[in-house]
Amino acid sequence: MLCLLGPAALHSDGQLRPLNLRPKALALLVRLALVEGSQDRDVLAELLFPDAANPRESLRWHLSQLRAGLPLHLDSDRRTVALTTSTDVARFRVGADRILRGDYEDAAAILGLYRGDLCSGLRVAASADFDNWLYVQEDELRRILRRATLAHARAEIAEGCAGEVIPSLRRLTDIDPFLEDGHLLLIEALEMDSRRDEARYAYDRYQRIVRNELNGQPRAELAHRYEGVRPPGRALPVDQLIPLETITIHVVDWPGGDPPIVAIHGSTGHAYSYTAIGERLDSAVRLIAADLRGHGFSDKPPSGYGLDEHVRDVCELIDTLGLEKPILLGTSLGGAVATFTAQAIGDRISGLVLIDAVVGDRRLVERSSYAVQQLELRLQERFTDFDDYRQWWGTLPDDATWRRWLDRSLRMEVAPLPDGRLRPRSVRDALVSEWAWLERNNALDALDDVTVPVLIVHADGPFHGAPYLDDASLQAQLDAPRDSRLFVEHGRNHGDIIYRPSDEFIHTLKHFASQVKAKALADESASEGKVSVN
């Protein structure tokens, strides 16, 4: 069996034999092993050898090296090449699917296949398309590991078999150290298995990560048990992967009162970008921020990144979470997603908040889409470590509180690559497809169909020389819906409006939530009265 989870190796006769291959040869092997069927030689050559004088000749040479060095059978002709072999990746995928369906018979062995991330240590100079493909494969396998490990752990702990899941939980917390649920379950399993010293060590590691790297507080009940005190400040928000019909969506949930706010980020954004707003709402209002497909920790399918797919995902997410009359909130391009969603589901929501939203005529969309090129370049950046990324991001706010919240958001914004470097989590296909779709569809017409109250939020600070929304676009947004009101974030710009929300904005958002809640209750009461009279 070809083993690609962790350092590449061959498994034979119960032993792992490391593969000693050049980076390009290993990259070629990974592509052949993980893509089913025959692959076009010209495509492979351009993916892996874009800078070679003769890409096809480079491909031919590396194929000959694979044939000579490995006991694998390559089927090839002048146009195509294919590799059929068993891999730990395929076995892991099939086994994890059984775990997620509730079959835990060989769960420990299946999860044990994940020795590390896909092709750990591989650093290869190939095309941007290959780089993106490899990242998407690695990202998906991490997500599968997370879901399957947590599902198995919860089931076994519920049955009193905690010892079974300790190795897989240790592995998960090593691979995904910022996943709080992994730490909490590991501590619970160790306690249940009467391994008190190990549980204390696991708690100590957990609280250090939460306090020092995520700038939060450990869960109060655990802190009281291990430290004898309940820590001041808020615990981390709830971090979940929510399976929908065709994809899995990642959400970050700051608990609070009703009506809940469902927040939708902008281009190349992510759910944790709403950290400052979620923290500052301070349990007054529940905030649920979602990673759109192709972004953050959510699935990254090969295609399907138009706003119509985003709208379907948001609608399905609301149904899956059982949210009653939520408020939709969208920032920048996420404002367009929120607007089309509001149009699609009508009075199933109670309000709409648009923060510097790309909702306007074609002129606004074209004026705003200059960001696409800049964001494309941003997605190509690679960073040696988190400090490198933090420095690249720019000067952090002077206020220590803002710095802590922004720091947490930035940590969740980048993903590890096989060679240990970091990259932004979003994928280029999502960025390009979202803007192309928006250029063909009029979000202002959709806003005209919205019947619920709408809060328009505008940052008047300069962003690349001028406020993101001009006066005409802002007025058009105010005129389109039946019930709208305006809040201006003075001194904030489009880039930092959600990272440093003012006291006035948070107060306005809370007040808007209370207003739409009262209106929804009044409408419901009036509707019941009509039914009673009839």
# chains A, B, ... in the order shown; residues from 1 in each chain; ligands from 1
$ residues_around --residues "A:Gly495" --least-positions-apart "5" --cutoff "10 Å" --atoms "only C-alpha atoms" --output "ChimeraX atom specification"
/A:332,356,459,461-464,468,500
$ write_last_selection --atoms "N, CA, C and O atoms" --output "PDB file, in the first residue's frame"
ATOM      1  N   SER A 332     -19.305  43.387   2.671  1.00  0.00           N
ATOM      2  CA  SER A 332     -18.717  43.473   1.343  1.00  0.00           C
ATOM      3  C   SER A 332     -19.456  42.532   0.383  1.00  0.00           C
ATOM      4  O   SER A 332     -20.681  42.604   0.270  1.00  0.00           O
ATOM      5  N   ASP A 356     -21.048  47.837   4.437  1.00  0.00           N
ATOM      6  CA  ASP A 356     -20.283  48.198   3.228  1.00  0.00           C
ATOM      7  C   ASP A 356     -20.468  47.138   2.142  1.00  0.00           C
ATOM      8  O   ASP A 356     -19.492  46.608   1.579  1.00  0.00           O
ATOM      9  N   ALA A 459     -18.860  52.580   6.300  1.00  0.00           N
ATOM     10  CA  ALA A 459     -17.608  53.105   6.845  1.00  0.00           C
ATOM     11  C   ALA A 459     -17.180  54.294   5.992  1.00  0.00           C
ATOM     12  O   ALA A 459     -16.989  54.141   4.781  1.00  0.00           O
ATOM     13  N   GLY A 461     -14.382  56.086   6.303  1.00  0.00           N
ATOM     14  CA  GLY A 461     -12.944  56.278   6.189  1.00  0.00           C
ATOM     15  C   GLY A 461     -12.433  55.876   4.814  1.00  0.00           C
ATOM     16  O   GLY A 461     -13.046  55.056   4.120  1.00  0.00           O
ATOM     17  N   PRO A 462     -11.293  56.425   4.393  1.00  0.00           N
ATOM     18  CA  PRO A 462     -10.765  56.117   3.057  1.00  0.00           C
ATOM     19  C   PRO A 462     -10.250  54.687   2.954  1.00  0.00           C
ATOM     20  O   PRO A 462      -9.596  54.183   3.866  1.00  0.00           O
ATOM     21  N   PHE A 463     -10.553  54.072   1.848  1.00  0.00           N
ATOM     22  CA  PHE A 463     -10.074  52.722   1.530  1.00  0.00           C
ATOM     23  C   PHE A 463      -9.546  52.797   0.109  1.00  0.00           C
ATOM     24  O   PHE A 463     -10.314  52.950  -0.838  1.00  0.00           O
ATOM     25  N   HIS A 464      -8.212  52.743  -0.030  1.00  0.00           N
ATOM     26  CA  HIS A 464      -7.568  52.989  -1.333  1.00  0.00           C
ATOM     27  C   HIS A 464      -7.985  54.355  -1.883  1.00  0.00           C
ATOM     28  O   HIS A 464      -8.320  54.486  -3.062  1.00  0.00           O
ATOM     29  N   TYR A 468     -15.440  53.103   0.574  1.00  0.00           N
ATOM     30  CA  TYR A 468     -15.757  51.975  -0.312  1.00  0.00           C
ATOM     31  C   TYR A 468     -17.044  52.227  -1.080  1.00  0.00           C
ATOM     32  O   TYR A 468     -17.150  51.910  -2.268  1.00  0.00           O
ATOM     33  N   ARG A 500     -12.527  46.264  14.070  1.00  0.00           N
ATOM     34  CA  ARG A 500     -12.508  47.224  15.176  1.00  0.00           C
ATOM     35  C   ARG A 500     -13.859  47.945  15.261  1.00  0.00           C
ATOM     36  O   ARG A 500     -13.931  49.163  15.064  1.00  0.00           O
TER      37      ARG A 500
END
$ residues_around --residues "stretch 113-123 of chain A" --least-positions-apart "2" --cutoff "10 Å" --atoms "only C-alpha atoms" --output "PyMOL selection string"
chain A and resi 3-9+22-24+26-27+30+88-89+91-92+95+108-111+125-126+131+134-135+137-139+141-142+145+168+171-172+174-175+416-421
$ atom_distance --atom1 "atom CA of A:Asp313" --atom2 "atom CA of A:Phe297"
14.5 Å
$ residues_around --residues "stretch 279-290 of chain A" --least-positions-apart "2" --cutoff "10 Å" --atoms "only C-alpha atoms" --output "MDAnalysis selection string"
chainID A and resid 233:242 249:265 270:277 292:293 295:298 313:314 317 326:330 405 501:503 506:507 509:510 513:514
$ residues_around --residues "A:Arg403" --least-positions-apart "5" --cutoff "10 Å" --atoms "only C-alpha atoms" --output "list in words"
Asn215, Ala276, Thr395, Leu396, Pro397, Asp398, Arg408, Ser409, Tyr499 and Arg500 of chain A
$ write_last_selection --atoms "N, CA, C and O atoms" --output "compact mmCIF listing (two decimals), in the first residue's frame"
# COMPACT_ATOMS: atom_id res chain seq x y z
N ASN A 215 -5.99 33.76 22.77
CA ASN A 215 -6.41 34.95 23.53
C ASN A 215 -7.83 34.82 24.07
O ASN A 215 -8.64 35.74 23.96
N ALA A 276 -14.24 40.14 16.75
CA ALA A 276 -14.44 41.35 17.56
C ALA A 276 -15.93 41.62 17.78
O ALA A 276 -16.35 41.98 18.88
N THR A 395 0.35 46.62 10.42
CA THR A 395 0.37 47.12 11.78
C THR A 395 -0.93 46.77 12.49
O THR A 395 -2.02 47.05 11.99
N LEU A 396 -0.82 46.16 13.65
CA LEU A 396 -2.00 45.81 14.43
C LEU A 396 -2.46 47.02 15.24
O LEU A 396 -1.69 47.94 15.50
N PRO A 397 -3.74 47.05 15.64
CA PRO A 397 -4.24 48.19 16.41
C PRO A 397 -3.47 48.37 17.71
O PRO A 397 -2.94 47.42 18.28
N ASP A 398 -3.42 49.61 18.19
CA ASP A 398 -2.71 49.90 19.43
C ASP A 398 -3.41 49.29 20.64
O ASP A 398 -2.77 48.86 21.59
N ARG A 408 -6.34 36.31 17.07
CA ARG A 408 -7.06 35.04 16.97
C ARG A 408 -7.61 34.84 15.55
O ARG A 408 -7.51 33.75 14.98
N SER A 409 -8.18 35.90 15.00
CA SER A 409 -8.72 35.82 13.64
C SER A 409 -7.63 35.46 12.64
O SER A 409 -7.82 34.62 11.76
N TYR A 499 -13.15 44.44 12.11
CA TYR A 499 -12.07 44.08 13.04
C TYR A 499 -12.02 45.02 14.24
O TYR A 499 -11.53 44.64 15.30
N ARG A 500 -12.53 46.26 14.07
CA ARG A 500 -12.51 47.22 15.18
C ARG A 500 -13.86 47.94 15.26
O ARG A 500 -13.93 49.16 15.06
$ atom_distance --atom1 "atom CA of A:Thr401" --atom2 "atom CA of A:His224"
24.3 Å
$ closest_residue --among "A:Asp193, A:Asp429, A:Glu366, A:Asp460" --to "A:Leu379" --atoms "only C-alpha atoms"
A:Asp429
$ residues_around --residues "A:Ser12" --least-positions-apart "3" --cutoff "12 Å" --atoms "only C-alpha atoms" --output "list in words"
Met1, Leu2, Cys3, Ala9, Gln15, Leu16, Arg17, Pro18, Pro71, Ser86 and Thr87 of chain A
$ atom_distance --atom1 "atom CA of A:Asp299" --atom2 "atom CA of A:Ile349"
25.4 Å
$ closest_residue --among "A:Gly228, A:Arg378, A:Leu74, A:Arg404" --to "A:Val210" --atoms "only C-alpha atoms"
A:Arg404
$ select_by_dssp --residues "stretch 400-429 of chain A" --states "strand (DSSP E or B)" --output "PyMOL selection string"
chain A and resi 414-416+422-424
$ select_by_dssp --residues "stretch 365-398 of chain A" --states "helix (DSSP H, G or I)" --output "PDB file with all heavy atoms, in the first residue's frame"
ATOM      1  N   VAL A 365     -20.276  47.289  -8.879  1.00  0.00           N
ATOM      2  CA  VAL A 365     -19.597  45.996  -8.927  1.00  0.00           C
ATOM      3  C   VAL A 365     -18.268  46.115  -9.655  1.00  0.00           C
ATOM      4  O   VAL A 365     -17.237  45.611  -9.191  1.00  0.00           O
ATOM      5  CB  VAL A 365     -20.497  44.935  -9.596  1.00  0.00           C
ATOM      6  CG1 VAL A 365     -19.740  43.610  -9.740  1.00  0.00           C
ATOM      7  CG2 VAL A 365     -21.776  44.723  -8.786  1.00  0.00           C
ATOM      8  N   GLU A 366     -18.274  46.814 -10.781  1.00  0.00           N
ATOM      9  CA  GLU A 366     -17.033  46.968 -11.545  1.00  0.00           C
ATOM     10  C   GLU A 366     -16.016  47.803 -10.765  1.00  0.00           C
ATOM     11  O   GLU A 366     -14.819  47.528 -10.788  1.00  0.00           O
ATOM     12  CB  GLU A 366     -17.334  47.621 -12.893  1.00  0.00           C
ATOM     13  CG  GLU A 366     -18.091  46.697 -13.845  1.00  0.00           C
ATOM     14  CD  GLU A 366     -18.466  47.380 -15.144  1.00  0.00           C
ATOM     15  OE1 GLU A 366     -18.335  48.633 -15.218  1.00  0.00           O
ATOM     16  OE2 GLU A 366     -18.904  46.679 -16.084  1.00  0.00           O
ATOM     17  N   ARG A 367     -16.493  48.834 -10.050  1.00  0.00           N
ATOM     18  CA  ARG A 367     -15.597  49.677  -9.275  1.00  0.00           C
ATOM     19  C   ARG A 367     -14.996  48.910  -8.101  1.00  0.00           C
ATOM     20  O   ARG A 367     -13.862  49.147  -7.699  1.00  0.00           O
ATOM     21  CB  ARG A 367     -16.352  50.907  -8.767  1.00  0.00           C
ATOM     22  CG  ARG A 367     -15.457  51.973  -8.161  1.00  0.00           C
ATOM     23  CD  ARG A 367     -16.249  53.256  -7.954  1.00  0.00           C
ATOM     24  NE  ARG A 367     -17.261  53.095  -6.926  1.00  0.00           N
ATOM     25  CZ  ARG A 367     -17.039  53.282  -5.626  1.00  0.00           C
ATOM     26  NH1 ARG A 367     -15.832  53.594  -5.209  1.00  0.00           N
ATOM     27  NH2 ARG A 367     -18.010  53.139  -4.760  1.00  0.00           N
ATOM     28  N   SER A 368     -15.775  47.965  -7.558  1.00  0.00           N
ATOM     29  CA  SER A 368     -15.310  47.198  -6.398  1.00  0.00           C
ATOM     30  C   SER A 368     -14.443  46.018  -6.790  1.00  0.00           C
ATOM     31  O   SER A 368     -13.621  45.557  -5.989  1.00  0.00           O
ATOM     32  CB  SER A 368     -16.515  46.690  -5.597  1.00  0.00           C
ATOM     33  OG  SER A 368     -17.353  47.759  -5.195  1.00  0.00           O
ATOM     34  N   TYR A 370     -11.947  45.680  -8.531  1.00  0.00           N
ATOM     35  CA  TYR A 370     -10.496  45.845  -8.617  1.00  0.00           C
ATOM     36  C   TYR A 370      -9.802  45.010  -7.537  1.00  0.00           C
ATOM     37  O   TYR A 370      -8.640  44.630  -7.662  1.00  0.00           O
ATOM     38  CB  TYR A 370     -10.110  47.315  -8.443  1.00  0.00           C
ATOM     39  CG  TYR A 370     -10.261  47.831  -7.028  1.00  0.00           C
ATOM     40  CD1 TYR A 370      -9.217  47.747  -6.114  1.00  0.00           C
ATOM     41  CD2 TYR A 370     -11.477  48.358  -6.592  1.00  0.00           C
ATOM     42  CE1 TYR A 370      -9.368  48.187  -4.806  1.00  0.00           C
ATOM     43  CE2 TYR A 370     -11.637  48.800  -5.294  1.00  0.00           C
ATOM     44  CZ  TYR A 370     -10.590  48.715  -4.401  1.00  0.00           C
ATOM     45  OH  TYR A 370     -10.753  49.134  -3.117  1.00  0.00           O
ATOM     46  N   ALA A 371     -10.558  44.734  -6.461  1.00  0.00           N
ATOM     47  CA  ALA A 371      -9.986  43.959  -5.360  1.00  0.00           C
ATOM     48  C   ALA A 371      -9.657  42.534  -5.772  1.00  0.00           C
ATOM     49  O   ALA A 371      -8.832  41.882  -5.118  1.00  0.00           O
ATOM     50  CB  ALA A 371     -10.966  43.942  -4.186  1.00  0.00           C
ATOM     51  N   VAL A 372     -10.295  42.041  -6.842  1.00  0.00           N
ATOM     52  CA  VAL A 372     -10.071  40.654  -7.238  1.00  0.00           C
ATOM     53  C   VAL A 372      -8.597  40.403  -7.535  1.00  0.00           C
ATOM     54  O   VAL A 372      -8.013  39.419  -7.072  1.00  0.00           O
ATOM     55  CB  VAL A 372     -10.947  40.271  -8.448  1.00  0.00           C
ATOM     56  CG1 VAL A 372     -10.606  38.868  -8.938  1.00  0.00           C
ATOM     57  CG2 VAL A 372     -12.422  40.366  -8.079  1.00  0.00           C
ATOM     58  N   GLN A 373      -7.980  41.284  -8.315  1.00  0.00           N
ATOM     59  CA  GLN A 373      -6.568  41.085  -8.651  1.00  0.00           C
ATOM     60  C   GLN A 373      -5.698  41.131  -7.404  1.00  0.00           C
ATOM     61  O   GLN A 373      -4.779  40.327  -7.245  1.00  0.00           O
ATOM     62  CB  GLN A 373      -6.119  42.156  -9.645  1.00  0.00           C
ATOM     63  CG  GLN A 373      -6.703  41.982 -11.041  1.00  0.00           C
ATOM     64  CD  GLN A 373      -6.174  43.013 -12.017  1.00  0.00           C
ATOM     65  OE1 GLN A 373      -5.760  44.095 -11.623  1.00  0.00           O
ATOM     66  NE2 GLN A 373      -6.177  42.667 -13.287  1.00  0.00           N
ATOM     67  N   GLN A 374      -5.979  42.084  -6.520  1.00  0.00           N
ATOM     68  CA  GLN A 374      -5.188  42.182  -5.291  1.00  0.00           C
ATOM     69  C   GLN A 374      -5.365  40.940  -4.430  1.00  0.00           C
ATOM     70  O   GLN A 374      -4.405  40.428  -3.858  1.00  0.00           O
ATOM     71  CB  GLN A 374      -5.612  43.426  -4.518  1.00  0.00           C
ATOM     72  CG  GLN A 374      -5.286  44.725  -5.232  1.00  0.00           C
ATOM     73  CD  GLN A 374      -5.721  45.936  -4.431  1.00  0.00           C
ATOM     74  OE1 GLN A 374      -6.610  45.845  -3.589  1.00  0.00           O
ATOM     75  NE2 GLN A 374      -5.110  47.073  -4.698  1.00  0.00           N
ATOM     76  N   LEU A 375      -6.610  40.455  -4.329  1.00  0.00           N
ATOM     77  CA  LEU A 375      -6.867  39.284  -3.501  1.00  0.00           C
ATOM     78  C   LEU A 375      -6.275  38.023  -4.130  1.00  0.00           C
ATOM     79  O   LEU A 375      -5.837  37.120  -3.416  1.00  0.00           O
ATOM     80  CB  LEU A 375      -8.367  39.114  -3.283  1.00  0.00           C
ATOM     81  CG  LEU A 375      -9.018  40.204  -2.414  1.00  0.00           C
ATOM     82  CD1 LEU A 375     -10.538  40.065  -2.414  1.00  0.00           C
ATOM     83  CD2 LEU A 375      -8.482  40.141  -0.982  1.00  0.00           C
ATOM     84  N   GLU A 376      -6.270  37.956  -5.462  1.00  0.00           N
ATOM     85  CA  GLU A 376      -5.614  36.821  -6.123  1.00  0.00           C
ATOM     86  C   GLU A 376      -4.146  36.759  -5.750  1.00  0.00           C
ATOM     87  O   GLU A 376      -3.607  35.676  -5.455  1.00  0.00           O
ATOM     88  CB  GLU A 376      -5.770  36.938  -7.640  1.00  0.00           C
ATOM     89  CG  GLU A 376      -7.100  36.451  -8.177  1.00  0.00           C
ATOM     90  CD  GLU A 376      -7.067  36.319  -9.686  1.00  0.00           C
ATOM     91  OE1 GLU A 376      -7.382  37.305 -10.367  1.00  0.00           O
ATOM     92  OE2 GLU A 376      -6.721  35.230 -10.182  1.00  0.00           O
ATOM     93  N   LEU A 377      -3.479  37.902  -5.763  1.00  0.00           N
ATOM     94  CA  LEU A 377      -2.070  37.938  -5.374  1.00  0.00           C
ATOM     95  C   LEU A 377      -1.906  37.530  -3.917  1.00  0.00           C
ATOM     96  O   LEU A 377      -0.951  36.833  -3.557  1.00  0.00           O
ATOM     97  CB  LEU A 377      -1.503  39.339  -5.606  1.00  0.00           C
ATOM     98  CG  LEU A 377      -1.395  39.785  -7.074  1.00  0.00           C
ATOM     99  CD1 LEU A 377      -0.959  41.238  -7.149  1.00  0.00           C
ATOM    100  CD2 LEU A 377      -0.423  38.890  -7.830  1.00  0.00           C
ATOM    101  N   ARG A 378      -2.846  37.953  -3.092  1.00  0.00           N
ATOM    102  CA  ARG A 378      -2.776  37.607  -1.666  1.00  0.00           C
ATOM    103  C   ARG A 378      -2.872  36.104  -1.461  1.00  0.00           C
ATOM    104  O   ARG A 378      -2.164  35.527  -0.622  1.00  0.00           O
ATOM    105  CB  ARG A 378      -3.901  38.313  -0.931  1.00  0.00           C
ATOM    106  CG  ARG A 378      -3.988  38.010   0.555  1.00  0.00           C
ATOM    107  CD  ARG A 378      -5.073  38.879   1.184  1.00  0.00           C
ATOM    108  NE  ARG A 378      -5.240  38.562   2.583  1.00  0.00           N
ATOM    109  CZ  ARG A 378      -6.079  37.643   3.054  1.00  0.00           C
ATOM    110  NH1 ARG A 378      -6.823  36.945   2.206  1.00  0.00           N
ATOM    111  NH2 ARG A 378      -6.184  37.409   4.344  1.00  0.00           N
ATOM    112  N   LEU A 379      -3.733  35.446  -2.251  1.00  0.00           N
ATOM    113  CA  LEU A 379      -3.896  34.000  -2.096  1.00  0.00           C
ATOM    114  C   LEU A 379      -2.654  33.230  -2.528  1.00  0.00           C
ATOM    115  O   LEU A 379      -2.490  32.066  -2.165  1.00  0.00           O
ATOM    116  CB  LEU A 379      -5.107  33.514  -2.904  1.00  0.00           C
ATOM    117  CG  LEU A 379      -6.475  34.002  -2.424  1.00  0.00           C
ATOM    118  CD1 LEU A 379      -7.583  33.435  -3.308  1.00  0.00           C
ATOM    119  CD2 LEU A 379      -6.721  33.624  -0.966  1.00  0.00           C
ATOM    120  N   PHE A 386       3.670  31.803  11.596  1.00  0.00           N
ATOM    121  CA  PHE A 386       2.610  32.755  11.899  1.00  0.00           C
ATOM    122  C   PHE A 386       3.155  34.162  12.113  1.00  0.00           C
ATOM    123  O   PHE A 386       2.532  35.150  11.701  1.00  0.00           O
ATOM    124  CB  PHE A 386       1.820  32.319  13.133  1.00  0.00           C
ATOM    125  CG  PHE A 386       0.732  33.293  13.499  1.00  0.00           C
ATOM    126  CD1 PHE A 386      -0.372  33.454  12.676  1.00  0.00           C
ATOM    127  CD2 PHE A 386       0.840  34.067  14.639  1.00  0.00           C
ATOM    128  CE1 PHE A 386      -1.366  34.381  12.981  1.00  0.00           C
ATOM    129  CE2 PHE A 386      -0.156  34.984  14.965  1.00  0.00           C
ATOM    130  CZ  PHE A 386      -1.256  35.141  14.133  1.00  0.00           C
ATOM    131  N   ASP A 387       4.315  34.298  12.737  1.00  0.00           N
ATOM    132  CA  ASP A 387       4.890  35.627  12.926  1.00  0.00           C
ATOM    133  C   ASP A 387       5.156  36.303  11.584  1.00  0.00           C
ATOM    134  O   ASP A 387       4.960  37.518  11.433  1.00  0.00           O
ATOM    135  CB  ASP A 387       6.185  35.538  13.728  1.00  0.00           C
ATOM    136  CG  ASP A 387       5.930  35.264  15.210  1.00  0.00           C
ATOM    137  OD1 ASP A 387       4.796  35.545  15.664  1.00  0.00           O
ATOM    138  OD2 ASP A 387       6.838  34.761  15.888  1.00  0.00           O
ATOM    139  N   ASP A 388       5.590  35.524  10.609  1.00  0.00           N
ATOM    140  CA  ASP A 388       5.821  36.053   9.267  1.00  0.00           C
ATOM    141  C   ASP A 388       4.510  36.573   8.681  1.00  0.00           C
ATOM    142  O   ASP A 388       4.458  37.654   8.080  1.00  0.00           O
ATOM    143  CB  ASP A 388       6.414  34.947   8.387  1.00  0.00           C
ATOM    144  CG  ASP A 388       6.747  35.426   6.981  1.00  0.00           C
ATOM    145  OD1 ASP A 388       7.048  36.617   6.818  1.00  0.00           O
ATOM    146  OD2 ASP A 388       6.691  34.598   6.052  1.00  0.00           O
ATOM    147  N   TYR A 389       3.432  35.807   8.863  1.00  0.00           N
ATOM    148  CA  TYR A 389       2.135  36.245   8.348  1.00  0.00           C
ATOM    149  C   TYR A 389       1.642  37.490   9.082  1.00  0.00           C
ATOM    150  O   TYR A 389       1.132  38.431   8.472  1.00  0.00           O
ATOM    151  CB  TYR A 389       1.098  35.128   8.479  1.00  0.00           C
ATOM    152  CG  TYR A 389      -0.283  35.555   8.032  1.00  0.00           C
ATOM    153  CD1 TYR A 389      -0.498  35.956   6.717  1.00  0.00           C
ATOM    154  CD2 TYR A 389      -1.346  35.587   8.918  1.00  0.00           C
ATOM    155  CE1 TYR A 389      -1.754  36.365   6.294  1.00  0.00           C
ATOM    156  CE2 TYR A 389      -2.606  35.990   8.509  1.00  0.00           C
ATOM    157  CZ  TYR A 389      -2.798  36.384   7.204  1.00  0.00           C
ATOM    158  OH  TYR A 389      -4.048  36.808   6.786  1.00  0.00           O
ATOM    159  N   ARG A 390       1.785  37.511  10.378  1.00  0.00           N
ATOM    160  CA  ARG A 390       1.321  38.654  11.162  1.00  0.00           C
ATOM    161  C   ARG A 390       2.050  39.931  10.734  1.00  0.00           C
ATOM    162  O   ARG A 390       1.442  40.998  10.628  1.00  0.00           O
ATOM    163  CB  ARG A 390       1.528  38.381  12.651  1.00  0.00           C
ATOM    164  CG  ARG A 390       0.980  39.467  13.566  1.00  0.00           C
ATOM    165  CD  ARG A 390       0.811  38.966  14.973  1.00  0.00           C
ATOM    166  NE  ARG A 390       1.946  38.179  15.427  1.00  0.00           N
ATOM    167  CZ  ARG A 390       1.952  37.469  16.551  1.00  0.00           C
ATOM    168  NH1 ARG A 390       0.881  37.435  17.314  1.00  0.00           N
ATOM    169  NH2 ARG A 390       3.015  36.797  16.909  1.00  0.00           N
ATOM    170  N   GLN A 391       3.335  39.830  10.477  1.00  0.00           N
ATOM    171  CA  GLN A 391       4.087  41.001  10.029  1.00  0.00           C
ATOM    172  C   GLN A 391       3.644  41.436   8.628  1.00  0.00           C
ATOM    173  O   GLN A 391       3.550  42.620   8.333  1.00  0.00           O
ATOM    174  CB  GLN A 391       5.592  40.697  10.036  1.00  0.00           C
ATOM    175  CG  GLN A 391       6.170  40.535  11.440  1.00  0.00           C
ATOM    176  CD  GLN A 391       7.620  40.095  11.416  1.00  0.00           C
ATOM    177  OE1 GLN A 391       8.275  40.126  10.374  1.00  0.00           O
ATOM    178  NE2 GLN A 391       8.125  39.670  12.566  1.00  0.00           N
ATOM    179  N   TRP A 392       3.369  40.444   7.766  1.00  0.00           N
ATOM    180  CA  TRP A 392       2.929  40.772   6.408  1.00  0.00           C
ATOM    181  C   TRP A 392       1.574  41.456   6.436  1.00  0.00           C
ATOM    182  O   TRP A 392       1.309  42.356   5.634  1.00  0.00           O
ATOM    183  CB  TRP A 392       2.849  39.479   5.588  1.00  0.00           C
ATOM    184  CG  TRP A 392       2.314  39.677   4.194  1.00  0.00           C
ATOM    185  CD1 TRP A 392       3.042  39.978   3.072  1.00  0.00           C
ATOM    186  CD2 TRP A 392       0.955  39.575   3.772  1.00  0.00           C
ATOM    187  NE1 TRP A 392       2.215  40.070   1.993  1.00  0.00           N
ATOM    188  CE2 TRP A 392       0.928  39.829   2.396  1.00  0.00           C
ATOM    189  CE3 TRP A 392      -0.241  39.305   4.422  1.00  0.00           C
ATOM    190  CZ2 TRP A 392      -0.248  39.824   1.651  1.00  0.00           C
ATOM    191  CZ3 TRP A 392      -1.426  39.302   3.695  1.00  0.00           C
ATOM    192  CH2 TRP A 392      -1.425  39.552   2.320  1.00  0.00           C
ATOM    193  N   TRP A 393       0.710  41.058   7.363  1.00  0.00           N
ATOM    194  CA  TRP A 393      -0.647  41.593   7.417  1.00  0.00           C
ATOM    195  C   TRP A 393      -0.639  43.083   7.690  1.00  0.00           C
ATOM    196  O   TRP A 393      -1.500  43.815   7.219  1.00  0.00           O
ATOM    197  CB  TRP A 393      -1.442  40.855   8.502  1.00  0.00           C
ATOM    198  CG  TRP A 393      -2.923  40.913   8.312  1.00  0.00           C
ATOM    199  CD1 TRP A 393      -3.680  40.086   7.545  1.00  0.00           C
ATOM    200  CD2 TRP A 393      -3.829  41.850   8.913  1.00  0.00           C
ATOM    201  NE1 TRP A 393      -5.007  40.434   7.634  1.00  0.00           N
ATOM    202  CE2 TRP A 393      -5.113  41.510   8.460  1.00  0.00           C
ATOM    203  CE3 TRP A 393      -3.669  42.928   9.775  1.00  0.00           C
ATOM    204  CZ2 TRP A 393      -6.256  42.220   8.847  1.00  0.00           C
ATOM    205  CZ3 TRP A 393      -4.804  43.639  10.165  1.00  0.00           C
ATOM    206  CH2 TRP A 393      -6.069  43.280   9.702  1.00  0.00           C
TER     207      TRP A 393
END
$ residues_around --residues "A:Ile355" --least-positions-apart "6" --cutoff "10 Å" --atoms "only C-alpha atoms" --output "number ranges by chain"
A: 265-266, 329-335, 455-459, 487-489, 494, 497-498
$ residues_around --residues "A:Asp103" --least-positions-apart "4" --cutoff "12 Å" --atoms "only C-alpha atoms" --output "count of residues only"
14
$ closest_atom_pairs --of "stretch 274-322 of chain A" --to "stretch 338-343 of chain A" --cutoff "9 Å" --atoms "only C-alpha atoms" --output "CSV"
residue,atom,partner,partner_atom,distance
A:Leu307,CA,A:Phe340,CA,8.1
A:Asp308,CA,A:Phe340,CA,8.1
A:His310,CA,A:Thr341,CA,8.5
A:Val311,CA,A:Thr341,CA,5.2
A:Arg312,CA,A:Thr341,CA,7.8
A:Val314,CA,A:Thr341,CA,7.2
A:Cys315,CA,A:Thr341,CA,6.9
$ decode --residues "stretch 477-489 of chain A" --atoms "C-alpha atoms" --output "compact mmCIF listing (two decimals), in the first residue's frame"
# COMPACT_ATOMS: atom_id res chain seq x y z
CA GLN A 477 -29.21 50.87 -0.93
CA LEU A 478 -31.29 53.03 1.41
CA ASP A 479 -34.00 53.58 -1.21
CA ALA A 480 -34.36 49.95 -2.36
CA PRO A 481 -35.93 48.12 0.63
CA ARG A 482 -39.26 49.07 2.22
CA ASP A 483 -37.80 49.61 5.69
CA SER A 484 -34.21 50.83 5.93
CA ARG A 485 -32.06 52.85 8.27
CA LEU A 486 -28.42 54.03 8.11
CA PHE A 487 -25.52 53.83 10.54
CA VAL A 488 -22.18 55.45 9.65
CA GLU A 489 -18.98 54.13 11.20
